[in-house]
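S.K.: Contents are compact mmCIF, C-alpha atoms; file name input-v3.txt:
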```
# COMPACT_ATOMS: atom_id res chain seq x y z
CA MET A 1 0.00 0.00 0.00
CA SER A 2 2.56 2.54 -1.20
CA ASP A 3 0.07 5.36 -1.77
CA LEU A 4 -0.02 6.36 1.88
CA GLN A 5 1.71 9.70 2.37
CA ASN A 6 2.28 9.44 6.13
CA VAL A 7 3.39 5.85 6.70
CA GLU A 8 5.98 6.76 9.32
CA ILE A 9 3.51 8.70 11.47
CA ILE A 10 0.83 6.04 11.14
CA ASN A 11 3.30 3.25 11.96
CA ASN A 12 4.29 5.14 15.10
CA ILE A 13 0.67 5.52 16.19
CA PHE A 14 -0.10 1.83 15.95
CA ASP A 15 3.37 0.41 16.57
CA ILE A 16 2.87 -1.84 13.50
CA ASP A 17 3.83 -1.66 9.83
CA VAL A 18 0.73 -0.47 7.96
CA SER A 19 2.42 -0.27 4.56
CA GLU A 20 1.17 -3.73 3.57
CA MET A 21 -2.37 -3.21 4.79
CA SER A 22 -5.39 -2.34 2.69
CA GLU A 23 -6.18 1.37 2.53
CA SER A 24 -9.71 0.48 3.53
CA ALA A 25 -8.64 -1.31 6.72
CA LEU A 26 -10.81 -0.07 9.57
CA LEU A 27 -9.02 2.01 12.20
CA THR A 28 -11.00 0.33 14.95
CA ASP A 29 -9.63 -3.04 13.84
CA ILE A 30 -6.01 -1.94 14.19
CA GLY A 31 -6.39 -0.27 17.58
CA PHE A 32 -7.29 3.38 16.98
CA ASP A 33 -8.19 3.80 20.64
CA SER A 34 -7.70 6.61 23.13
CA MET A 35 -3.96 5.91 23.50
CA ALA A 36 -3.44 5.82 19.73
CA LYS A 37 -5.14 9.21 19.44
CA ILE A 38 -2.96 10.55 22.25
CA ILE A 39 0.17 9.40 20.39
CA LEU A 40 -1.06 11.04 17.16
CA ILE A 41 -1.79 14.34 18.96
CA SER A 42 1.63 14.18 20.61
CA ILE A 43 3.51 13.48 17.34
CA LEU A 44 1.75 16.29 15.47
CA GLU A 45 2.52 18.77 18.25
CA ASP A 46 6.11 17.63 18.83
CA GLU A 47 7.17 17.38 15.20
CA HIS A 48 4.90 19.86 13.44
CA ASP A 49 3.74 22.31 16.15
CA ILE A 50 0.08 21.52 15.39
CA VAL A 51 -2.50 20.96 18.15
CA ILE A 52 -5.51 19.24 16.62
CA ASP A 53 -9.09 19.13 17.84
CA PRO A 54 -9.64 15.50 18.94
CA ASP A 55 -13.29 15.75 17.81
CA ASN A 56 -12.01 15.69 14.21
CA LEU A 57 -10.62 12.17 14.76
CA GLU A 58 -14.05 10.77 15.54
CA HIS A 59 -15.11 11.01 11.88
CA LEU A 60 -12.23 8.92 10.51
CA SER A 61 -12.96 5.27 9.79
CA THR A 62 -10.19 3.83 7.56
CA ILE A 63 -6.41 4.11 7.23
CA ILE A 64 -6.74 6.21 4.10
CA ASP A 65 -9.12 8.58 5.93
CA LEU A 66 -6.45 9.06 8.58
CA ASP A 67 -3.71 9.50 5.98
CA ILE A 68 -5.71 12.16 4.10
CA TYR A 69 -6.52 13.95 7.36
CA ILE A 70 -2.83 14.06 8.36
CA SER A 71 -1.80 15.25 4.89
CA GLY A 72 -4.39 18.02 5.11
CA LEU A 73 -2.84 19.22 8.36
CA LEU A 74 0.72 19.07 7.14
CA ASN A 75 0.02 20.78 3.84
CA MET B 1 4.95 38.50 49.56
CA ILE B 2 4.79 34.74 50.01
CA ARG B 3 7.31 32.48 51.67
CA ILE B 4 6.61 28.75 51.70
CA SER B 5 7.87 27.71 55.12
CA LYS B 6 6.87 24.05 55.32
CA ILE B 7 5.24 21.26 53.30
CA GLU B 8 4.09 17.99 54.85
CA LYS B 9 2.37 15.13 53.08
CA GLN B 10 0.44 11.93 53.63
CA LEU B 11 0.26 9.49 50.73
CA GLY B 12 -2.12 6.57 50.35
CA LYS B 13 -0.86 3.53 52.30
CA LEU B 14 -1.06 1.05 49.44
CA ILE B 15 1.68 0.99 46.82
CA GLN B 16 0.46 -0.26 43.45
CA LEU B 17 3.09 -1.44 40.97
CA ASN B 18 2.43 -1.68 37.24
CA SER B 19 2.69 -5.46 37.49
CA ASP B 20 -0.28 -5.42 39.90
CA ILE B 21 -2.70 -4.13 37.25
CA GLU B 22 -1.43 -5.74 34.03
CA LYS B 23 -4.39 -8.11 33.69
CA ASP B 24 -7.06 -5.51 34.50
CA VAL B 25 -5.85 -2.88 32.04
CA GLY B 26 -4.60 -5.18 29.27
CA TRP B 27 -1.09 -3.72 29.08
CA SER B 28 2.13 -5.30 30.37
CA ALA B 29 3.98 -3.56 33.21
CA SER B 30 6.61 -2.31 30.78
CA GLN B 31 3.93 -1.02 28.38
CA ILE B 32 2.30 0.93 31.22
CA GLU B 33 5.63 2.53 32.11
CA GLU B 34 6.44 3.23 28.47
CA LYS B 35 3.07 4.87 27.80
CA THR B 36 2.67 6.85 31.06
CA GLY B 37 6.22 7.14 32.43
CA ILE B 38 4.81 6.03 35.78
CA LYS B 39 6.41 3.19 37.78
CA LYS B 40 4.03 3.06 40.75
CA ARG B 41 1.07 4.72 42.40
CA TYR B 42 -0.07 5.33 45.99
CA LEU B 43 -3.63 4.28 46.80
CA ALA B 44 -5.70 5.14 49.84
CA SER B 45 -6.63 2.09 51.91
CA ASN B 46 -10.29 1.41 52.72
CA GLU B 47 -9.78 3.24 56.02
CA GLN B 48 -8.15 6.29 54.44
CA THR B 49 -10.36 9.06 53.06
CA THR B 50 -9.72 12.45 51.50
CA GLU B 51 -10.40 13.93 54.94
CA SER B 52 -8.13 11.54 56.90
CA LEU B 53 -5.24 11.99 54.44
CA ALA B 54 -5.58 15.77 54.77
CA ILE B 55 -5.76 15.63 58.56
CA ASP B 56 -2.76 13.27 58.78
CA ALA B 57 -0.70 15.69 56.67
CA VAL B 58 -1.74 18.65 58.85
CA LYS B 59 -0.88 16.76 62.05
CA LYS B 60 2.78 16.71 60.96
CA ILE B 61 2.85 20.49 61.47
CA SER B 62 3.51 21.73 65.02
CA ASP B 63 0.69 23.03 67.23
CA ASP B 64 2.46 26.40 67.50
CA GLU B 65 2.48 26.82 63.73
CA ILE B 66 -1.14 25.67 63.39
CA SER B 67 -2.36 28.06 66.07
CA ASN B 68 -0.86 31.00 64.12
CA VAL B 69 -2.76 30.18 60.91
CA ASP B 70 -5.38 32.82 60.05
CA LEU B 71 -6.30 31.55 56.56
CA LEU B 72 -7.04 27.89 55.77
CA ILE B 73 -7.79 26.85 52.19
CA ALA B 74 -8.70 23.22 51.57
CA VAL B 75 -8.77 21.85 48.03
CA THR B 76 -10.35 18.63 46.81
CA ASN B 77 -12.42 17.10 44.01
CA THR B 78 -13.19 13.97 46.01
CA PRO B 79 -14.77 14.82 49.40
CA SER B 80 -16.49 12.01 51.29
CA ALA B 81 -19.61 14.17 51.57
CA GLY B 82 -21.00 17.16 49.69
CA PHE B 83 -20.81 19.46 52.70
CA PRO B 84 -19.48 20.78 54.98
CA ASN B 85 -16.33 21.17 52.94
CA LEU B 86 -12.88 19.74 53.66
CA ALA B 87 -11.73 22.92 55.42
CA HIS B 88 -14.30 22.30 58.18
CA PHE B 89 -12.93 18.84 58.97
CA ILE B 90 -9.32 20.04 58.95
CA HIS B 91 -10.19 23.01 61.17
CA SER B 92 -11.93 20.67 63.62
CA SER B 93 -8.98 18.28 63.80
CA ALA B 94 -6.21 20.53 65.12
CA CYS B 95 -5.61 23.54 67.34
CA PHE B 96 -6.59 26.21 64.83
CA SER B 97 -8.00 29.47 66.13
CA ASP B 98 -11.77 29.87 65.92
CA GLN B 99 -11.15 33.11 64.02
CA VAL B 100 -9.38 31.42 61.11
CA GLN B 101 -10.91 32.08 57.68
CA CYS B 102 -11.81 28.60 56.32
CA ILE B 103 -12.30 28.31 52.56
CA GLY B 104 -13.08 25.12 50.62
CA LEU B 105 -12.32 24.85 46.92
CA ASN B 106 -13.83 22.16 44.71
CA SER B 107 -10.89 22.05 42.35
CA GLY B 108 -8.61 19.45 40.79
CA CYS B 109 -5.18 19.66 39.22
CA SER B 110 -5.16 23.48 39.17
CA GLY B 111 -6.38 23.67 42.77
CA PHE B 112 -3.06 24.28 44.52
CA VAL B 113 -2.21 27.15 42.17
CA ASP B 114 -5.73 28.62 42.53
CA ALA B 115 -5.30 28.53 46.32
CA LEU B 116 -1.84 30.08 46.04
CA GLU B 117 -3.35 32.97 44.07
CA ILE B 118 -5.96 33.54 46.79
CA VAL B 119 -3.28 33.47 49.49
CA SER B 120 -1.22 35.96 47.51
CA ALA B 121 -4.20 38.33 47.33
CA TYR B 122 -4.90 37.99 51.09
CA PHE B 123 -1.23 38.63 51.87
CA ALA B 124 -1.04 41.64 49.54
CA SER B 125 -4.13 43.11 51.23
CA GLU B 126 -2.66 42.45 54.69
CA LEU B 127 -5.72 40.30 55.48
CA SER B 128 -3.56 37.34 56.46
CA GLU B 129 -0.11 36.69 57.89
CA ASN B 130 -0.02 32.89 58.06
CA ALA B 131 -1.89 30.67 55.63
CA LEU B 132 -2.25 26.93 55.21
CA ILE B 133 -3.18 25.29 51.90
CA VAL B 134 -4.30 21.67 52.26
CA THR B 135 -4.76 19.63 49.09
CA SER B 136 -6.18 16.11 49.23
CA ASP B 137 -7.67 13.69 46.72
CA THR B 138 -8.60 10.03 46.42
CA TYR B 139 -9.32 9.66 42.69
CA GLN B 140 -8.44 5.95 42.73
CA LYS B 141 -11.55 5.26 44.82
CA PHE B 142 -13.65 6.41 41.85
CA ILE B 143 -11.93 4.61 38.97
CA LEU B 144 -13.22 1.45 37.30
CA PRO B 145 -10.58 -1.32 37.49
CA THR B 146 -10.52 -1.76 33.71
CA ASP B 147 -10.24 1.95 32.83
CA ARG B 148 -6.59 1.92 31.77
CA SER B 149 -6.53 5.53 30.62
CA ILE B 150 -6.83 6.80 34.20
CA ARG B 151 -6.15 3.83 36.49
CA THR B 152 -2.53 3.90 35.35
CA LEU B 153 -2.16 7.63 36.12
CA PHE B 154 -3.60 8.73 39.43
CA SER B 155 -2.37 8.46 43.01
CA ASP B 156 -4.10 9.30 46.29
CA GLY B 157 -2.55 11.68 48.78
CA ALA B 158 -2.55 15.00 50.59
CA CYS B 159 -0.15 17.89 51.17
CA ALA B 160 -0.25 20.64 53.78
CA THR B 161 1.63 23.78 52.71
CA LEU B 162 2.36 26.47 55.29
CA LEU B 163 2.90 29.99 53.95
CA LYS B 164 4.06 33.20 55.63
CA ASN B 165 3.45 36.81 54.59
CA ASP B 166 7.11 37.79 54.46
CA SER B 167 8.78 40.78 52.79
CA SER B 168 11.74 38.56 51.85
CA GLY B 169 9.51 36.06 50.06
CA MET B 170 8.28 35.62 46.49
CA LYS B 171 6.31 38.40 44.81
CA LEU B 172 3.49 37.49 42.42
CA VAL B 173 4.25 39.35 39.18
CA SER B 174 2.03 37.67 36.60
CA GLN B 175 -1.03 35.45 36.36
CA ILE B 176 -2.13 33.43 33.34
CA HIS B 177 -5.64 31.94 33.27
CA SER B 178 -7.72 30.07 30.75
CA SER B 179 -10.97 28.14 30.95
CA HIS B 180 -12.56 26.11 28.16
CA LYS B 181 -16.37 26.13 27.95
CA ASN B 182 -18.51 23.00 27.59
CA THR B 183 -15.73 20.57 28.51
CA THR B 184 -17.54 18.78 31.33
CA SER B 185 -17.43 15.41 29.60
CA HIS B 186 -13.67 15.59 29.06
CA LEU B 187 -12.95 14.98 32.75
CA GLU B 188 -15.80 14.46 35.15
CA MET B 189 -17.34 12.55 38.03
CA TYR B 190 -20.54 10.77 37.02
CA THR B 191 -23.08 8.79 38.99
CA THR B 192 -24.60 5.39 38.20
CA THR B 193 -26.57 2.92 40.26
CA GLN B 194 -23.20 1.31 41.07
CA GLY B 195 -21.79 4.52 42.53
CA GLU B 196 -19.72 7.52 41.46
CA PHE B 197 -16.95 7.19 38.90
CA ILE B 198 -14.38 9.41 37.20
CA LYS B 199 -14.02 9.34 33.44
CA MET B 200 -11.51 11.16 31.28
CA ASN B 201 -11.27 11.76 27.55
CA GLY B 202 -7.49 11.42 27.26
CA PRO B 203 -7.08 12.98 23.78
CA GLN B 204 -9.17 16.03 24.77
CA VAL B 205 -7.28 16.56 28.03
CA LEU B 206 -3.95 16.17 26.23
CA ALA B 207 -4.93 18.66 23.50
CA PHE B 208 -6.02 21.12 26.21
CA SER B 209 -2.74 20.63 28.13
CA LEU B 210 -0.64 21.21 25.00
CA LYS B 211 -2.53 24.46 24.33
CA VAL B 212 -1.89 25.54 27.93
CA ILE B 213 1.84 24.91 27.53
CA LYS B 214 1.88 27.10 24.41
CA GLU B 215 0.13 29.88 26.36
CA VAL B 216 2.48 29.65 29.32
CA ILE B 217 5.71 29.40 27.34
CA GLN B 218 5.05 32.77 25.69
CA GLU B 219 4.92 34.50 29.07
CA LEU B 220 7.93 32.95 30.78
CA PRO B 221 11.03 34.88 31.78
CA SER B 222 14.03 33.38 29.99
CA GLU B 223 16.62 33.40 32.77
CA ASN B 224 17.07 31.92 36.23
CA LEU B 225 13.74 30.17 35.95
CA LEU B 226 12.25 27.24 37.85
CA VAL B 227 9.05 25.65 36.50
CA LEU B 228 6.85 23.64 38.86
CA PRO B 229 4.12 22.07 36.71
CA HIS B 230 1.23 19.82 37.60
CA GLN B 231 2.49 16.25 37.19
CA ALA B 232 0.07 15.31 34.41
CA GLY B 233 2.19 12.53 32.95
CA LYS B 234 5.03 11.78 30.56
CA ILE B 235 3.73 13.15 27.26
CA VAL B 236 2.63 16.50 28.66
CA LEU B 237 5.72 17.09 30.79
CA GLN B 238 8.19 16.03 28.11
CA ASN B 239 6.47 18.50 25.79
CA PHE B 240 6.69 21.24 28.46
CA GLU B 241 10.38 20.54 29.06
CA LYS B 242 11.20 20.59 25.35
CA LYS B 243 9.67 24.05 24.89
CA LEU B 244 11.33 25.74 27.87
CA PRO B 245 14.15 28.24 27.47
CA ASP B 246 17.59 26.53 27.59
CA MET B 247 18.50 27.89 31.00
CA ALA B 248 15.21 26.98 32.69
CA ASP B 249 14.83 24.14 35.16
CA ILE B 250 11.71 22.03 35.46
CA ARG B 251 10.86 19.66 38.29
CA THR B 252 9.14 16.33 37.69
CA ASN B 253 8.52 13.29 39.89
CA TYR B 254 5.53 11.61 38.20
CA SER B 255 7.50 8.43 37.57
CA GLU B 256 7.73 7.78 41.33
CA TYR B 257 4.40 9.24 42.50
CA GLY B 258 1.97 9.20 39.57
CA ASN B 259 -0.49 12.08 39.25
CA LEU B 260 -1.45 13.30 42.73
CA VAL B 261 -4.09 15.73 41.37
CA SER B 262 -4.14 18.88 43.57
CA SER B 263 -1.16 17.65 45.61
CA SER B 264 1.18 17.08 42.68
CA ILE B 265 2.82 20.54 42.80
CA PRO B 266 3.35 20.79 46.58
CA ASN B 267 4.65 17.20 46.51
CA LEU B 268 7.35 18.38 44.06
CA LEU B 269 8.61 20.77 46.73
CA CYS B 270 8.17 18.56 49.78
CA GLY B 271 11.58 18.42 51.50
CA LYS B 272 13.05 20.73 48.85
CA ILE B 273 11.72 24.18 49.76
CA ASP B 274 15.24 25.58 50.06
CA GLU B 275 15.73 25.10 46.31
CA LEU B 276 13.30 27.98 45.71
CA LYS B 277 15.95 30.40 47.01
CA ASN B 278 18.22 29.56 44.07
CA TYR B 279 15.90 31.00 41.41
CA GLU B 280 14.87 34.54 40.56
CA ASN B 281 11.74 33.45 38.68
CA ILE B 282 9.43 30.66 39.81
CA VAL B 283 6.39 29.43 37.89
CA PHE B 284 3.60 27.29 39.31
CA SER B 285 1.40 25.83 36.58
CA GLY B 286 -1.79 23.87 37.27
CA PHE B 287 -4.21 22.57 34.63
CA GLY B 288 -6.97 19.98 34.49
CA VAL B 289 -10.61 19.58 35.55
CA GLY B 290 -12.73 22.36 34.17
CA LEU B 291 -10.97 22.26 31.78
CA LYS B 292 -9.13 25.19 33.28
CA HIS B 293 -5.64 26.43 33.86
CA THR B 294 -3.85 28.77 36.24
CA SER B 295 -0.18 29.67 36.09
CA LEU B 296 1.47 32.10 38.49
CA ILE B 297 4.86 33.70 37.94
CA PHE B 298 6.66 34.80 41.10
CA LYS B 299 9.85 36.82 41.45
CA ASN B 300 12.24 36.07 44.27
CA SER B 301 14.34 38.71 45.96
CA LEU B 302 17.69 36.87 45.79
```
Since I need it in another form, could you write the structure as structure tokens?
M.R.:
Amino acid sequence: MSDLQNVEIINNIFDIDVSEMSESALLTDIGFDSMAKIILISILEDEHDIVIDPDNLEHLSTIIDLDIYISGLLN
Amino acid sequence: MIRISKIEKQLGKLIQLNSDIEKDVGWSASQIEEKTGIKKRYLASNEQTTESLAIDAVKKISDDEISNVDLLIAVTNTPSAGFPNLAHFIHSSACFSDQVQCIGLNSGCSGFVDALEIVSAYFASELSENALIVTSDTYQKFILPTDRSIRTLFSDGACATLLKNDSSGMKLVSQIHSSHKNTTSHLEMYTTTQGEFIKMNGPQVLAFSLKVIKEVIQELPSENLLVLPHQAGKIVLQNFEKKLPDMADIRTNYSEYGNLVSSSIPNLLCGKIDELKNYENIVFSGFGVGLKHTSLIFKNSL
């Protein structure tokens, strides 16, 4: 699944390699829980000086949704 | 001006290691430490209450010092009963004067700093000469065993902080406040038929804390600075430390004590009050339930 733009960030969130997963894999199936969201918020603040609104994460359902959301923030 | 003359504490009797809760929370002991930075927590025993922890901390202060107190501020989120407030029970337990001004604050992780701001105002107005701030909480009594987002964080305990109105003490030079509306559900006590429980939305509280750090950092003096933050946990405090000016010092002890709620800041100074004399600028920063934040910047006359 080479089309993901933010593989490194997403791998860090889940502590697994998502590059071989389907883009439509459900976030809930790979552990997008409270701690995963905390790690994402922390990475975005630490590395990109962005504090996101956690409410925005509630609407994401698949890996590609998350990847597009992160790309939108970074661009 | 404020001089902190003594801090005593009483922690929960029961020490809980990460290995004790692995099965309940579904993380290994090493995962808990890696995620939270916390090695152990102190839990109140069945016999210990918010009130008894507070009273036990106060009893470590001499009768002479207690009898001179004219302002008593008690802070807790977890009283055993709705009223009277914690200050009443503390006042009744030791040889305080009957003329002491007793104030109870229903406040959490910002509570010590809120109380410090009140004391500063009383001292500046010459309405008080000797104040006592007592912070006490027993969050662990209100946490579901399987709630890993908060069971791994909080400790139970109390601190009693004695303060003198002293011209050679610290002068309050700046206050930073912020409160976020409609954030009840992010960190709250709720009631069910099974009892009262605490729930926390970790991502929301983290996002709030990171915004607070950005606010505070902009206001900090750059030299000879000591930062005493609420011990919220690893992610928040590592972020705080990273953003500080190079010459600033920050105190942390969450790995050994967990998050002691309103007592986390005085616990940082317990047995180390003399260190305050080494810094020209001292910042106390409390943030949490509300969601609200108070930071106070004091200047020391070195």
S.K.: Select, as number ranges by chain, those residues of chain A with any atom no more than 10 Å from chain B (distances computed using only C-alpha atoms).
M.R.: A: 33-43, 45-46, 49-55, 57
S.K.: Between CA of Glu8 in chain A and CA of Ala25 in chain A, what is the spacing in Å?
M.R.: 16.9 Å
S.K.: May I ask for the distance between CA of Glu219 in chain B and CA of Ile297 in chain B, given in Å to one decimal place?
M.R.: 8.9 Å
S.K.: So that I can check the surroundings of Asp65 in chain A, please list as a list in words every protein, DNA and RNA residue that reaches within 9 Å of it, counting all atoms listed in the file and ignoring chain neighbours fewer than 6 positions away.
M.R.: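 In the requested format, the answer is Glu23, Ser24 and His59 of chain A.
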S.K.: Please tell me which residues are no farther than 7 Å from (-8.9, 13.4, 51.7) in the file, counting all atoms listed in the file, and write them as a VMD selection string.
M.R.: chain B and resid 49 to 54 79 136 to 138 158
S.K.: What is the distance between CA of Lys277 in chain B and CA of Glu8 in chain B, in Å to one decimal?
M.R.: 18.9 Å
S.K.: Rank A:Ile70, A:Ile30, A:Glu58, A:Asn75 by their smallest atom-to-atom distance to Ile9 in chain A, using all atoms listed in the file, and report the top residue only.
M.R.: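 Going through A:Ile70, A:Ile30, A:Glu58, A:Asn75 one by one, the smallest distance to Ile9 in chain A is for A:Ile70.
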S.K.: For Ile64 in chain A, find every residue with an atom within 9 Å (counting all atoms listed in the file), except residues of its own chain fewer than 3 positions away, and show them as a count of residues only.
M.R.: 10
S.K.: Between B:Ala94, B:Ile38, B:Ile103, B:Val212, single out the one closest to Ile61 in chain B, counting all atoms listed in the file.
M.R.: B:Ala94
S.K.: Quick one: of B:Asn253, B:Asn77, B:Gln31, B:Ser93, who's nearest to Met189 in chain B, counting only C-alpha atoms?
M.R.: B:Asn77
S.K.: Please provide as an NGL selection string all residues within 10 Å of Asn46 in chain B, with the sequence filter that same-chain residues fewer than 4 positions apart are discarded (counting all atoms listed in the file).
M.R.: :B and (12-14 or 141)
